[in-house]
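Some notes on the structure that comes next.
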Amino acid sequence: MDRHIVDTMKKESKWFFFLMLFGCVMLALIFVGMKINDTDWDDNIVQIALGFFAGSFGLYGWLYGITYKIEISQEKVLIKTLFRRFNINIADIETYTCERHRKSAFYQFDLFTKDKHFLLNTRYKQEFMDILQNAGVQPVAK
């Protein structure tokens with residue numbers, strides 16, 4: 001029985017895309033308002049900072065969400081994020097912990113190998129736990 005799980009965060013990145021758009025539109029409106037009212041940067045620095053922060057945070061969250069991908073098979077786990085890519089053999093995993101991530105649909109798995117620690121977020125808790133238990137990996141209580 002060969003199981004193959006593919007999990008992404010594309011649906012969750014939608015709200016960050018809207019936050020990015022809100023920040024960009026807010027900045028554009030502030031700059032147009034500054035030009036029309038002939039005001040200086042000092043008068044609108046707080047609004048500009050908020051717009052820039054919302055746009056930057058939204059851009060980061062959106063890019064992270066659309067690039068996050070997990071592929072789990074019987075032999076290995078491939079984790080692809082915005083900045084890194086991990087390839088973990090199931091046989092190398094010694095222990096793991098699992099807990100729900102706040103109130104979301106995701107579960108966080110901490111995978112411990114001989115010399116490294118990996119964090120994995122997935123919706124498929126039971127399927128992944130079955131794969132780990134079939135490989136002889138034991139859970140650890142926190």
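We label chains A, B, ... in the order they appear in the structure tokens, count residues from 1 in each chain, and number ligands from 1 in the order shown.
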Quiz item: Do you know which residues are at most 10 Å from Trp41 (chain A) counting only C-alpha atoms, after dropping those on the same chain fewer than 6 positions away, and could you put them as a list in words?
Solution: Phe31, Met34 and Ile48 of chain A
Exercise. Excluding region 87-94 of chain A and any residue of its chain fewer than 6 positions from it, enumerate the residues within 6 Å of it, using only C-alpha atoms, and give them as a ChimeraX atom specification.
Key: /A:75-78,112-113,137
Output the selection as a compact mmCIF listing (two decimals), in the first residue's frame - all heavy atoms for each residue.
```txt
# COMPACT_ATOMS: atom_id res chain seq x y z
N GLU A 75 8.57 6.58 1.83
CA GLU A 75 10.02 6.60 2.01
C GLU A 75 10.55 7.95 2.48
O GLU A 75 11.54 8.00 3.20
CB GLU A 75 10.74 6.26 0.69
CG GLU A 75 10.44 4.90 0.16
CD GLU A 75 9.17 4.85 -0.67
OE1 GLU A 75 8.85 5.87 -1.31
OE2 GLU A 75 8.50 3.81 -0.65
N LYS A 76 9.94 9.05 2.04
CA LYS A 76 10.52 10.36 2.38
C LYS A 76 9.48 11.45 2.48
O LYS A 76 8.35 11.31 2.02
CB LYS A 76 11.60 10.75 1.39
CG LYS A 76 11.14 10.90 -0.02
CD LYS A 76 12.31 11.35 -0.89
CE LYS A 76 12.33 10.61 -2.19
NZ LYS A 76 13.46 11.00 -3.02
N VAL A 77 9.91 12.56 3.07
CA VAL A 77 9.09 13.76 3.23
C VAL A 77 9.84 14.91 2.55
O VAL A 77 11.01 15.14 2.84
CB VAL A 77 8.86 14.10 4.72
CG1 VAL A 77 8.08 15.37 4.87
CG2 VAL A 77 8.19 12.95 5.43
N LEU A 78 9.17 15.61 1.65
CA LEU A 78 9.75 16.77 0.98
C LEU A 78 9.00 18.01 1.45
O LEU A 78 7.79 18.11 1.28
CB LEU A 78 9.63 16.63 -0.53
CG LEU A 78 10.13 17.82 -1.35
CD1 LEU A 78 11.64 17.92 -1.24
CD2 LEU A 78 9.71 17.68 -2.78
N PHE A 112 12.22 14.81 14.68
CA PHE A 112 13.58 14.82 15.22
C PHE A 112 14.39 13.71 14.57
O PHE A 112 14.02 12.54 14.64
CB PHE A 112 13.56 14.61 16.74
CG PHE A 112 12.83 15.69 17.48
CD1 PHE A 112 11.51 15.52 17.86
CD2 PHE A 112 13.45 16.89 17.76
CE1 PHE A 112 10.84 16.51 18.54
CE2 PHE A 112 12.79 17.90 18.43
CZ PHE A 112 11.48 17.70 18.82
N THR A 113 15.47 14.09 13.91
CA THR A 113 16.41 13.11 13.38
C THR A 113 17.61 13.06 14.33
O THR A 113 17.57 13.65 15.41
CB THR A 113 16.86 13.49 11.96
OG1 THR A 113 17.51 14.75 11.99
CG2 THR A 113 15.68 13.53 11.00
N VAL A 137 8.47 4.78 13.91
CA VAL A 137 8.81 6.03 14.59
C VAL A 137 7.85 6.21 15.76
O VAL A 137 6.64 6.12 15.60
CB VAL A 137 8.74 7.23 13.64
CG1 VAL A 137 9.11 8.51 14.36
CG2 VAL A 137 9.62 7.02 12.44
```
Quiz prompt | Selected residue, from A:Ile5, A:Ile45, A:Leu59, A:Met129, that lies nearest to Leu82 (chain A) when counting only C-alpha atoms | solution =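 So, comparing all the options, the nearest one is A:Leu59.
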Quiz prompt | Those of chain A in DSSP strand (DSSP E), formatted as JSON, numbers by chain | solution = {"A": [5, 6, 7, 8, 69, 70, 71, 72, 76, 77, 78, 79, 80, 85, 86, 87, 88, 89, 95, 96, 97, 98, 99, 100, 107, 108, 109, 110, 111, 112, 117, 118, 119, 120, 121, 122, 138, 139]}
Could you write out that same residue set with N, CA and C atoms as an mmCIF file, in the first residue's frame?
```
data_model
loop_
_atom_site.group_PDB
_atom_site.id
_atom_site.type_symbol
_atom_site.label_atom_id
_atom_site.label_comp_id
_atom_site.auth_asym_id
_atom_site.auth_seq_id
_atom_site.Cartn_x
_atom_site.Cartn_y
_atom_site.Cartn_z
ATOM 1 N N ILE A 5 0.855 11.792 0.071
ATOM 2 C CA ILE A 5 0.102 12.949 0.558
ATOM 3 C C ILE A 5 0.764 14.208 0.026
ATOM 4 N N VAL A 6 -0.034 15.101 -0.565
ATOM 5 C CA VAL A 6 0.451 16.406 -1.022
ATOM 6 C C VAL A 6 -0.411 17.457 -0.332
ATOM 7 N N ASP A 7 0.223 18.385 0.373
ATOM 8 C CA ASP A 7 -0.493 19.416 1.119
ATOM 9 C C ASP A 7 0.125 20.773 0.808
ATOM 10 N N THR A 8 -0.716 21.778 0.574
ATOM 11 C CA THR A 8 -0.263 23.142 0.309
ATOM 12 C C THR A 8 -1.038 24.116 1.197
ATOM 13 N N LYS A 69 4.766 23.742 0.305
ATOM 14 C CA LYS A 69 4.257 22.480 -0.227
ATOM 15 C C LYS A 69 4.943 21.328 0.492
ATOM 16 N N ILE A 70 4.132 20.335 0.832
ATOM 17 C CA ILE A 70 4.644 19.145 1.490
ATOM 18 C C ILE A 70 4.236 17.935 0.668
ATOM 19 N N GLU A 71 5.187 17.083 0.381
ATOM 20 C CA GLU A 71 4.909 15.812 -0.277
ATOM 21 C C GLU A 71 5.408 14.710 0.644
ATOM 22 N N ILE A 72 4.484 13.835 1.046
ATOM 23 C CA ILE A 72 4.811 12.759 1.969
ATOM 24 C C ILE A 72 4.556 11.435 1.266
ATOM 25 N N LYS A 76 9.943 9.055 2.041
ATOM 26 C CA LYS A 76 10.524 10.357 2.379
ATOM 27 C C LYS A 76 9.477 11.447 2.478
ATOM 28 N N VAL A 77 9.913 12.561 3.066
ATOM 29 C CA VAL A 77 9.093 13.759 3.228
ATOM 30 C C VAL A 77 9.841 14.908 2.554
ATOM 31 N N LEU A 78 9.169 15.613 1.654
ATOM 32 C CA LEU A 78 9.750 16.769 0.979
ATOM 33 C C LEU A 78 9.001 18.008 1.450
ATOM 34 N N ILE A 79 9.717 18.940 2.066
ATOM 35 C CA ILE A 79 9.141 20.192 2.547
ATOM 36 C C ILE A 79 9.740 21.318 1.726
ATOM 37 N N LYS A 80 8.886 22.068 1.035
ATOM 38 C CA LYS A 80 9.356 23.191 0.223
ATOM 39 C C LYS A 80 8.695 24.453 0.746
ATOM 40 N N ARG A 85 14.332 24.219 1.270
ATOM 41 C CA ARG A 85 13.781 22.965 0.763
ATOM 42 C C ARG A 85 14.456 21.836 1.535
ATOM 43 N N PHE A 86 13.640 20.975 2.155
ATOM 44 C CA PHE A 86 14.156 19.863 2.943
ATOM 45 C C PHE A 86 13.695 18.554 2.330
ATOM 46 N N ASN A 87 14.574 17.576 2.356
ATOM 47 C CA ASN A 87 14.254 16.231 1.921
ATOM 48 C C ASN A 87 14.635 15.306 3.070
ATOM 49 N N ILE A 88 13.639 14.713 3.737
ATOM 50 C CA ILE A 88 13.869 13.906 4.929
ATOM 51 C C ILE A 88 13.464 12.469 4.628
ATOM 52 N N ASN A 89 14.332 11.543 4.898
ATOM 53 C CA ASN A 89 13.984 10.138 4.785
ATOM 54 C C ASN A 89 13.213 9.716 6.024
ATOM 55 N N THR A 95 12.077 10.365 16.455
ATOM 56 C CA THR A 95 10.859 10.634 17.228
ATOM 57 C C THR A 95 10.126 11.820 16.619
ATOM 58 N N TYR A 96 8.899 12.028 17.073
ATOM 59 C CA TYR A 96 8.116 13.169 16.611
ATOM 60 C C TYR A 96 7.125 13.578 17.682
ATOM 61 N N THR A 97 6.679 14.821 17.609
ATOM 62 C CA THR A 97 5.577 15.309 18.435
ATOM 63 C C THR A 97 4.544 15.921 17.503
ATOM 64 N N CYS A 98 3.314 15.966 17.971
ATOM 65 C CA CYS A 98 2.233 16.513 17.163
ATOM 66 C C CYS A 98 1.283 17.299 18.047
ATOM 67 N N GLU A 99 0.933 18.482 17.607
ATOM 68 C CA GLU A 99 -0.089 19.263 18.298
ATOM 69 C C GLU A 99 -0.784 20.169 17.294
ATOM 70 N N ARG A 100 -1.988 20.570 17.627
ATOM 71 C CA ARG A 100 -2.760 21.412 16.727
ATOM 72 C C ARG A 100 -2.221 22.834 16.768
ATOM 73 N N TYR A 107 -1.956 20.833 11.703
ATOM 74 C CA TYR A 107 -1.274 20.203 12.823
ATOM 75 C C TYR A 107 0.212 20.383 12.614
ATOM 76 N N GLN A 108 0.925 20.696 13.708
ATOM 77 C CA GLN A 108 2.366 20.890 13.631
ATOM 78 C C GLN A 108 3.075 19.640 14.118
ATOM 79 N N PHE A 109 3.899 19.098 13.261
ATOM 80 C CA PHE A 109 4.718 17.955 13.612
ATOM 81 C C PHE A 109 6.147 18.431 13.778
ATOM 82 N N ASP A 110 6.751 18.092 14.908
ATOM 83 C CA ASP A 110 8.173 18.307 15.126
ATOM 84 C C ASP A 110 8.853 16.967 14.873
ATOM 85 N N LEU A 111 9.635 16.911 13.819
ATOM 86 C CA LEU A 111 10.332 15.680 13.459
ATOM 87 C C LEU A 111 11.780 15.784 13.914
ATOM 88 N N PHE A 112 12.225 14.813 14.681
ATOM 89 C CA PHE A 112 13.579 14.820 15.221
ATOM 90 C C PHE A 112 14.386 13.710 14.567
ATOM 91 N N HIS A 117 16.245 19.037 13.616
ATOM 92 C CA HIS A 117 14.855 19.168 14.030
ATOM 93 C C HIS A 117 14.104 19.855 12.896
ATOM 94 N N PHE A 118 12.974 19.294 12.460
ATOM 95 C CA PHE A 118 12.190 19.851 11.366
ATOM 96 C C PHE A 118 10.776 20.121 11.846
ATOM 97 N N LEU A 119 10.208 21.224 11.392
ATOM 98 C CA LEU A 119 8.827 21.580 11.709
ATOM 99 C C LEU A 119 8.001 21.431 10.443
ATOM 100 N N LEU A 120 6.903 20.714 10.535
ATOM 101 C CA LEU A 120 6.062 20.421 9.391
ATOM 102 C C LEU A 120 4.617 20.747 9.747
ATOM 103 N N ASN A 121 3.911 21.470 8.890
ATOM 104 C CA ASN A 121 2.499 21.788 9.095
ATOM 105 C C ASN A 121 1.675 21.068 8.042
ATOM 106 N N THR A 122 0.682 20.317 8.477
ATOM 107 C CA THR A 122 -0.166 19.594 7.544
ATOM 108 C C THR A 122 -1.578 19.429 8.105
ATOM 109 N N GLN A 138 8.400 6.484 16.928
ATOM 110 C CA GLN A 138 7.587 6.603 18.133
ATOM 111 C C GLN A 138 7.314 8.059 18.477
ATOM 112 N N PRO A 139 6.095 8.385 18.928
ATOM 113 C CA PRO A 139 5.805 9.763 19.354
ATOM 114 C C PRO A 139 6.397 10.043 20.734
#
```
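Using only C-alpha atoms, the shortest contact distance between Trp62 (chain A) and any of A:Lys116, A:Asn134, A:Leu19, A:Phe106 is found at A:Leu19.
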Quiz item: Which of these, A:Ser73, A:Asp115, A:Thr39, A:Tyr68, has the shortest distance to Ala135 (chain A) once you count only C-alpha atoms?
Solution: A:Ser73
Exercise. Provide the CA of Phe17 (chain A) to CA of Tyr64 (chain A) distance in Å, to one decimal place.
Key: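 CA of Tyr64 (chain A) lies 10.8 Å from CA of Phe17 (chain A).
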Quiz item: In Å to one decimal, how far is CA of Lys125 (chain A) from CA of Lys142 (chain A)?
Solution: 16.9 Å
Practice problem: Mind listing the alpha helix (DSSP H) residues of chain A, per DSSP on the backbone, as a PyMOL selection string? | Solution: chain A and resi 14-37+45-67+125-134
Exercise. Would you list the contacts of Leu27 (chain A) as a list in words, taking every protein, DNA or RNA residue within 12 Å and counting only C-alpha atoms, but skipping same-chain residues closer than 4 positions in sequence?
Key: Met20, Leu21, Phe22, Gly23, Phe31, Val32, Gly33, Met34, Asn44, Ile45, Val46, Gln47, Ile48, Ala49, Leu50, Gly51, Phe52, Phe53, Ala54, Gly55 and Ser56 of chain A
Prev. selection, C-alpha atoms, output as a PDB file, in the first residue's frame:
```
ATOM      1  CA  MET A  20      -1.104  43.152   0.428  1.00  0.00           C
ATOM      2  CA  LEU A  21      -3.601  44.770  -1.942  1.00  0.00           C
ATOM      3  CA  PHE A  22      -5.033  46.844   0.915  1.00  0.00           C
ATOM      4  CA  GLY A  23      -1.551  48.111   1.848  1.00  0.00           C
ATOM      5  CA  PHE A  31       0.457  59.679  -2.020  1.00  0.00           C
ATOM      6  CA  VAL A  32      -2.354  60.992  -4.242  1.00  0.00           C
ATOM      7  CA  GLY A  33      -3.840  62.799  -1.230  1.00  0.00           C
ATOM      8  CA  MET A  34      -0.460  64.292  -0.399  1.00  0.00           C
ATOM      9  CA  ASN A  44       1.449  61.486   6.847  1.00  0.00           C
ATOM     10  CA  ILE A  45       4.358  59.431   8.163  1.00  0.00           C
ATOM     11  CA  VAL A  46       2.187  57.205  10.398  1.00  0.00           C
ATOM     12  CA  GLN A  47      -0.228  56.370   7.574  1.00  0.00           C
ATOM     13  CA  ILE A  48       2.667  55.671   5.193  1.00  0.00           C
ATOM     14  CA  ALA A  49       4.317  53.371   7.762  1.00  0.00           C
ATOM     15  CA  LEU A  50       1.053  51.464   8.328  1.00  0.00           C
ATOM     16  CA  GLY A  51       0.459  51.068   4.597  1.00  0.00           C
ATOM     17  CA  PHE A  52       4.013  49.906   4.017  1.00  0.00           C
ATOM     18  CA  PHE A  53       3.838  47.436   6.929  1.00  0.00           C
ATOM     19  CA  ALA A  54       0.486  46.006   5.766  1.00  0.00           C
ATOM     20  CA  GLY A  55       1.720  45.657   2.198  1.00  0.00           C
ATOM     21  CA  SER A  56       5.043  44.078   3.187  1.00  0.00           C
TER      22      SER A  56
END
```
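Between CA of Gln126 (chain A) and CA of His4 (chain A) the separation is 13.3 Å.
Excluding Ser13 (chain A) and any residue on its chain fewer than 6 positions from it, the residues at most 7 Å away by only C-alpha atoms are Gly61, Trp62, Gly65 and Ile66 of chain A.
Compared by their closest atoms to Thr81 (chain A), and using only C-alpha atoms, the residues A:Arg102, A:Gln133, A:Asp2, A:Met9 rank with A:Met9 nearest.
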